[in-house]
$ cat model-v4.cif   # mmCIF, C-alpha atoms; chains and numbers go by the auth columns
data_model
loop_
_atom_site.group_PDB
_atom_site.id
_atom_site.type_symbol
_atom_site.label_atom_id
_atom_site.label_comp_id
_atom_site.label_asym_id
_atom_site.label_seq_id
_atom_site.Cartn_x
_atom_site.Cartn_y
_atom_site.Cartn_z
_atom_site.B_iso_or_equiv
_atom_site.auth_seq_id
_atom_site.auth_asym_id
ATOM 1 C CA MET A 1 105.610 111.401 103.880 0.00 1 T
ATOM 2 C CA THR A 2 106.989 108.762 101.481 0.00 2 T
ATOM 3 C CA PRO A 3 107.298 104.962 101.732 0.00 3 T
ATOM 4 C CA ASP A 4 111.079 105.407 102.216 0.00 4 T
ATOM 5 C CA GLU A 5 110.411 107.616 105.236 0.00 5 T
ATOM 6 C CA ILE A 6 107.794 105.188 106.592 0.00 6 T
ATOM 7 C CA PHE A 7 110.095 102.165 106.408 0.00 7 T
ATOM 8 C CA THR A 8 113.021 104.156 107.839 0.00 8 T
ATOM 9 C CA GLU A 9 110.797 105.114 110.792 0.00 9 T
ATOM 10 C CA ILE A 10 109.649 101.478 111.245 0.00 10 T
ATOM 11 C CA ASN A 11 113.282 100.343 111.199 0.00 11 T
ATOM 12 C CA ASN A 12 114.241 103.005 113.762 0.00 12 T
ATOM 13 C CA ARG A 13 111.427 101.870 116.071 0.00 13 T
ATOM 14 C CA LEU A 14 112.491 98.229 115.757 0.00 14 T
ATOM 15 C CA GLN A 15 116.126 99.101 116.526 0.00 15 T
ATOM 16 C CA ASN A 16 115.180 101.346 119.482 0.00 16 T
ATOM 17 C CA ASP A 17 112.669 98.865 120.951 0.00 17 T
ATOM 18 C CA PRO A 18 113.679 95.269 120.160 0.00 18 T
ATOM 19 C CA SER A 19 110.763 94.004 122.290 0.00 19 T
ATOM 20 C CA LYS A 20 108.499 94.788 119.307 0.00 20 T
ATOM 21 C CA ALA A 21 110.224 91.940 117.453 0.00 21 T
ATOM 22 C CA ALA A 22 110.223 89.465 120.341 0.00 22 T
ATOM 23 C CA GLY A 23 108.498 86.205 119.552 0.00 23 T
ATOM 24 C CA ASN A 24 108.024 87.039 115.877 0.00 24 T
ATOM 25 C CA ASN A 25 109.664 85.109 113.079 0.00 25 T
ATOM 26 C CA ALA A 26 108.227 86.286 109.787 0.00 26 T
ATOM 27 C CA ALA A 27 109.205 88.054 106.595 0.00 27 T
ATOM 28 C CA TYR A 28 106.798 90.643 105.206 0.00 28 T
ATOM 29 C CA GLN A 29 107.162 91.927 101.669 0.00 29 T
ATOM 30 C CA PHE A 30 105.424 95.080 100.471 0.00 30 T
ATOM 31 C CA ASP A 31 104.965 95.620 96.737 0.00 31 T
ATOM 32 C CA LEU A 32 103.984 99.274 96.437 0.00 32 T
ATOM 33 C CA THR A 33 102.707 100.554 93.103 0.00 33 T
ATOM 34 C CA GLY A 34 102.462 104.034 91.577 0.00 34 T
ATOM 35 C CA ASP A 35 104.478 107.140 92.448 0.00 35 T
ATOM 36 C CA ASN A 36 107.172 106.446 95.080 0.00 36 T
ATOM 37 C CA GLY A 37 106.415 102.726 94.746 0.00 37 T
ATOM 38 C CA GLY A 38 108.843 99.847 95.010 0.00 38 T
ATOM 39 C CA GLN A 39 109.564 96.791 97.097 0.00 39 T
ATOM 40 C CA TYR A 40 110.056 97.024 100.852 0.00 40 T
ATOM 41 C CA HIS A 41 110.411 94.493 103.638 0.00 41 T
ATOM 42 C CA ILE A 42 109.987 93.978 107.353 0.00 42 T
ATOM 43 C CA VAL A 43 111.748 90.891 108.664 0.00 43 T
ATOM 44 C CA PHE A 44 111.584 89.495 112.186 0.00 44 T
ATOM 45 C CA ALA A 45 114.119 86.823 113.107 0.00 45 T
ATOM 46 C CA GLY A 46 116.045 85.877 116.223 0.00 46 T
ATOM 47 C CA GLY A 47 114.360 88.507 118.388 0.00 47 T
ATOM 48 C CA LYS A 48 115.352 91.337 116.043 0.00 48 T
ATOM 49 C CA GLY A 49 113.524 93.320 113.404 0.00 49 T
ATOM 50 C CA ASP A 50 114.689 95.002 110.228 0.00 50 T
ATOM 51 C CA ALA A 51 112.766 97.157 107.753 0.00 51 T
ATOM 52 C CA GLY A 52 113.740 98.938 104.575 0.00 52 T
ATOM 53 C CA PRO A 53 113.831 98.940 100.788 0.00 53 T
ATOM 54 C CA GLY A 54 114.198 95.750 98.796 0.00 54 T
ATOM 55 C CA ALA A 55 112.436 92.418 98.616 0.00 55 T
ATOM 56 C CA ALA A 56 112.260 90.010 101.545 0.00 56 T
ATOM 57 C CA GLU A 57 113.930 86.650 101.076 0.00 57 T
ATOM 58 C CA SER A 58 111.241 83.928 101.178 0.00 58 T
ATOM 59 C CA PRO A 59 108.409 86.170 102.458 0.00 59 T
ATOM 60 C CA ASN A 60 105.656 84.605 104.581 0.00 60 T
ATOM 61 C CA ILE A 61 103.289 87.304 103.355 0.00 61 T
ATOM 62 C CA THR A 62 103.258 89.713 100.423 0.00 62 T
ATOM 63 C CA ILE A 63 101.155 92.859 100.667 0.00 63 T
ATOM 64 C CA THR A 64 100.434 94.715 97.426 0.00 64 T
ATOM 65 C CA MET A 65 98.977 98.217 97.439 0.00 65 T
ATOM 66 C CA ALA A 66 99.456 101.701 96.015 0.00 66 T
ATOM 67 C CA ALA A 67 102.247 103.679 97.668 0.00 67 T
ATOM 68 C CA ASN A 68 99.883 106.607 98.352 0.00 68 T
ATOM 69 C CA ASP A 69 97.440 104.212 100.103 0.00 69 T
ATOM 70 C CA MET A 70 100.308 103.021 102.323 0.00 70 T
ATOM 71 C CA VAL A 71 101.062 106.631 103.249 0.00 71 T
ATOM 72 C CA ASP A 72 97.358 107.292 103.942 0.00 72 T
ATOM 73 C CA MET A 73 97.100 104.144 106.063 0.00 73 T
ATOM 74 C CA VAL A 74 100.136 105.011 108.191 0.00 74 T
ATOM 75 C CA SER A 75 98.929 108.593 108.666 0.00 75 T
ATOM 76 C CA GLY A 76 95.500 107.376 109.791 0.00 76 T
ATOM 77 C CA LYS A 77 93.546 108.622 106.760 0.00 77 T
ATOM 78 C CA LEU A 78 92.822 105.093 105.486 0.00 78 T
ATOM 79 C CA ASP A 79 91.505 102.276 107.670 0.00 79 T
ATOM 80 C CA PRO A 80 93.460 99.060 106.938 0.00 80 T
ATOM 81 C CA THR A 81 90.381 96.829 107.214 0.00 81 T
ATOM 82 C CA MET A 82 88.330 99.033 104.888 0.00 82 T
ATOM 83 C CA ALA A 83 91.253 99.204 102.448 0.00 83 T
ATOM 84 C CA PHE A 84 91.426 95.407 102.370 0.00 84 T
ATOM 85 C CA MET A 85 87.657 94.990 102.005 0.00 85 T
ATOM 86 C CA SER A 86 87.540 97.476 99.128 0.00 86 T
ATOM 87 C CA GLY A 87 90.395 95.735 97.290 0.00 87 T
ATOM 88 C CA LYS A 88 92.997 98.473 97.822 0.00 88 T
ATOM 89 C CA ILE A 89 95.205 95.954 99.653 0.00 89 T
ATOM 90 C CA LYS A 90 95.928 92.512 98.255 0.00 90 T
ATOM 91 C CA ILE A 91 97.468 89.880 100.505 0.00 91 T
ATOM 92 C CA LYS A 92 99.206 86.661 99.498 0.00 92 T
ATOM 93 C CA GLY A 93 100.291 84.322 102.254 0.00 93 T
ATOM 94 C CA ASP A 94 99.529 84.162 105.961 0.00 94 T
ATOM 95 C CA MET A 95 96.583 86.476 106.656 0.00 95 T
ATOM 96 C CA GLY A 96 97.196 86.143 110.400 0.00 96 T
ATOM 97 C CA LEU A 97 100.511 87.940 109.949 0.00 97 T
ATOM 98 C CA ALA A 98 98.716 90.919 108.417 0.00 98 T
ATOM 99 C CA MET A 99 96.528 91.193 111.504 0.00 99 T
ATOM 100 C CA LYS A 100 99.574 90.901 113.780 0.00 100 T
ATOM 101 C CA LEU A 101 101.501 93.604 111.913 0.00 101 T
ATOM 102 C CA GLN A 102 99.087 96.337 112.907 0.00 102 T
ATOM 103 C CA SER A 103 99.702 95.798 116.619 0.00 103 T
ATOM 104 C CA ILE A 104 103.472 95.476 116.151 0.00 104 T
ATOM 105 C CA LEU A 105 103.722 98.790 114.315 0.00 105 T
ATOM 106 C CA GLN A 106 101.771 100.882 116.794 0.00 106 T
#
$ encode --input "model-v4.cif" --output "structure tokens"
Amino acid sequence: MTPDEIFTEINNRLQNDPSKAAGNNAAYQFDLTGDNGGQYHIVFAGGKGDAGPGAAESPNITITMAANDMVDMVSGKLDPTMAFMSGKIKIKGDMGLAMKLQSILQ
């Protein structure tokens, strides 16, 4: 699994189930480092969600981590809380949005 595949899957889920975006108005930016790294976004606005490659315009939160840690987190091999506590995830912006993201993506 690659970050491209992860964000494509997130986008597909948001398009297939718009209720996941309901009530959310936030722009998430992911700065992934290392192999398969790059910038990705998840944006919620107007009851819709969009995810994919590229930077978010005016992000409310920026999450920086290694691309392989993102893959491990999504596949369940890496606990998000432990990753944050050990410094594998760095967050700039609204920490509450990071907590909310986990429930939105499940």
$ residues_near_point --input "model-v4.cif" --point "(105.2, 83.5, 105.2)" --cutoff "9 Å" --atoms "all atoms listed in the file" --output "list in words"
Ala26, Ala27, Tyr28, Ser58, Pro59, Asn60, Ile61, Thr62, Lys92, Gly93, Asp94 and Leu97 of chain T
$ resolve_selection --input "model-v4.cif" --expression "the PyMOL selection byres ((chain T and resi 39) around 10)" --output "VMD selection string"
chain T and resid 3 29 to 33 37 to 38 40 to 41 52 to 56 63 to 64
$ closest_residue --input "model-v4.cif" --among "T:Asp72, T:Asp79, T:Glu57, T:Asp17" --to "Ile104 of chain T" --atoms "only C-alpha atoms"
T:Asp17
$ atom_distance --input "model-v4.cif" --atom1 "atom CA of Asp35 of chain T" --atom2 "atom CA of Asn11 of chain T"
21.8 Å
$ residues_around --input "model-v4.cif" --residues "Val71 of chain T" --least-positions-apart "2" --cutoff "10 Å" --atoms "all atoms listed in the file" --output "list in words"
Met1, Thr2, Pro3, Glu5, Ile6, Ala66, Ala67, Asn68, Asp69, Met73, Val74, Ser75, Gly76, Lys77 and Leu78 of chain T
$ closest_residue --input "model-v4.cif" --among "T:Met70, T:Leu101, T:Ala45, T:Ile91" --to "Asn24 of chain T" --atoms "all atoms listed in the file"
T:Ala45
$ atom_distance --input "model-v4.cif" --atom1 "atom CA of Ala51 of chain T" --atom2 "atom CA of Arg13 of chain T"
9.7 Å
$ atom_distance --input "model-v4.cif" --atom1 "atom CA of Asn16 of chain T" --atom2 "atom CA of Asp50 of chain T"
11.2 Å
$ closest_residue --input "model-v4.cif" --among "T:Ser86, T:Asn36, T:Ser103, T:Thr81" --to "Lys20 of chain T" --atoms "all atoms listed in the file"
T:Ser103
$ closest_residue --input "model-v4.cif" --among "T:Phe84, T:Ala98, T:Met65, T:Lys90" --to "Ile42 of chain T" --atoms "only C-alpha atoms"
T:Ala98
$ residues_near_point --input "model-v4.cif" --point "(115.1, 93.3, 119.2)" --cutoff "9 Å" --atoms "all atoms listed in the file" --output "PyMOL selection string"
chain T and resi 14-22+44-49
$ axis_aligned_box --input "model-v4.cif" --around "segment 1-18 of chain T" --padding-each-side "3 Å" --output "AutoDock Vina command-line options"
--center_x 110.9 --center_y 103.3 --center_z 111.2 --size_x 16.5 --size_y 22.1 --size_z 25.5
$ decode --input "model-v4.cif" --residues "segment 79-98 of chain T" --atoms "N, CA and C atoms" --output "short mmCIF file (atom, residue, chain, number, x, y, z; two decimals), in the first residue's frame"
data_model
loop_
_atom_site.label_atom_id
_atom_site.label_comp_id
_atom_site.auth_asym_id
_atom_site.auth_seq_id
_atom_site.Cartn_x
_atom_site.Cartn_y
_atom_site.Cartn_z
N ASP T 79 -0.05 2.43 16.17
CA ASP T 79 -1.09 3.14 16.90
C ASP T 79 -0.87 4.65 16.76
N PRO T 80 -1.88 5.41 16.31
CA PRO T 80 -1.70 6.85 16.11
C PRO T 80 -1.26 7.59 17.38
N THR T 81 -1.83 7.25 18.51
CA THR T 81 -1.47 7.92 19.76
C THR T 81 -0.03 7.64 20.13
N MET T 82 0.39 6.39 20.01
CA MET T 82 1.78 6.03 20.32
C MET T 82 2.74 6.71 19.34
N ALA T 83 2.34 6.80 18.09
CA ALA T 83 3.18 7.44 17.07
C ALA T 83 3.36 8.92 17.42
N PHE T 84 2.30 9.56 17.88
CA PHE T 84 2.39 10.97 18.25
C PHE T 84 3.28 11.13 19.49
N MET T 85 3.05 10.29 20.49
CA MET T 85 3.81 10.39 21.74
C MET T 85 5.30 10.13 21.53
N SER T 86 5.63 9.28 20.57
CA SER T 86 7.04 8.96 20.33
C SER T 86 7.69 9.92 19.32
N GLY T 87 6.93 10.92 18.86
CA GLY T 87 7.49 11.92 17.95
C GLY T 87 7.48 11.53 16.48
N LYS T 88 6.84 10.41 16.14
CA LYS T 88 6.78 10.00 14.73
C LYS T 88 5.79 10.86 13.94
N ILE T 89 4.84 11.47 14.66
CA ILE T 89 3.86 12.37 14.03
C ILE T 89 4.04 13.74 14.66
N LYS T 90 4.15 14.75 13.82
CA LYS T 90 4.21 16.13 14.29
C LYS T 90 2.97 16.85 13.78
N ILE T 91 2.34 17.60 14.67
CA ILE T 91 1.09 18.28 14.33
C ILE T 91 1.24 19.78 14.57
N LYS T 92 0.87 20.55 13.55
CA LYS T 92 0.81 22.01 13.68
C LYS T 92 -0.63 22.41 13.42
N GLY T 93 -1.20 23.17 14.34
CA GLY T 93 -2.58 23.62 14.14
C GLY T 93 -3.50 23.03 15.19
N ASP T 94 -4.75 22.84 14.80
CA ASP T 94 -5.81 22.42 15.70
C ASP T 94 -5.73 20.93 16.05
N MET T 95 -5.22 20.66 17.25
CA MET T 95 -5.06 19.27 17.71
C MET T 95 -6.40 18.53 17.75
N GLY T 96 -7.47 19.24 18.05
CA GLY T 96 -8.79 18.62 18.09
C GLY T 96 -9.17 18.00 16.76
N LEU T 97 -8.72 18.61 15.67
CA LEU T 97 -9.02 18.06 14.34
C LEU T 97 -8.31 16.73 14.12
N ALA T 98 -7.13 16.58 14.70
CA ALA T 98 -6.41 15.30 14.57
C ALA T 98 -7.21 14.20 15.25
#
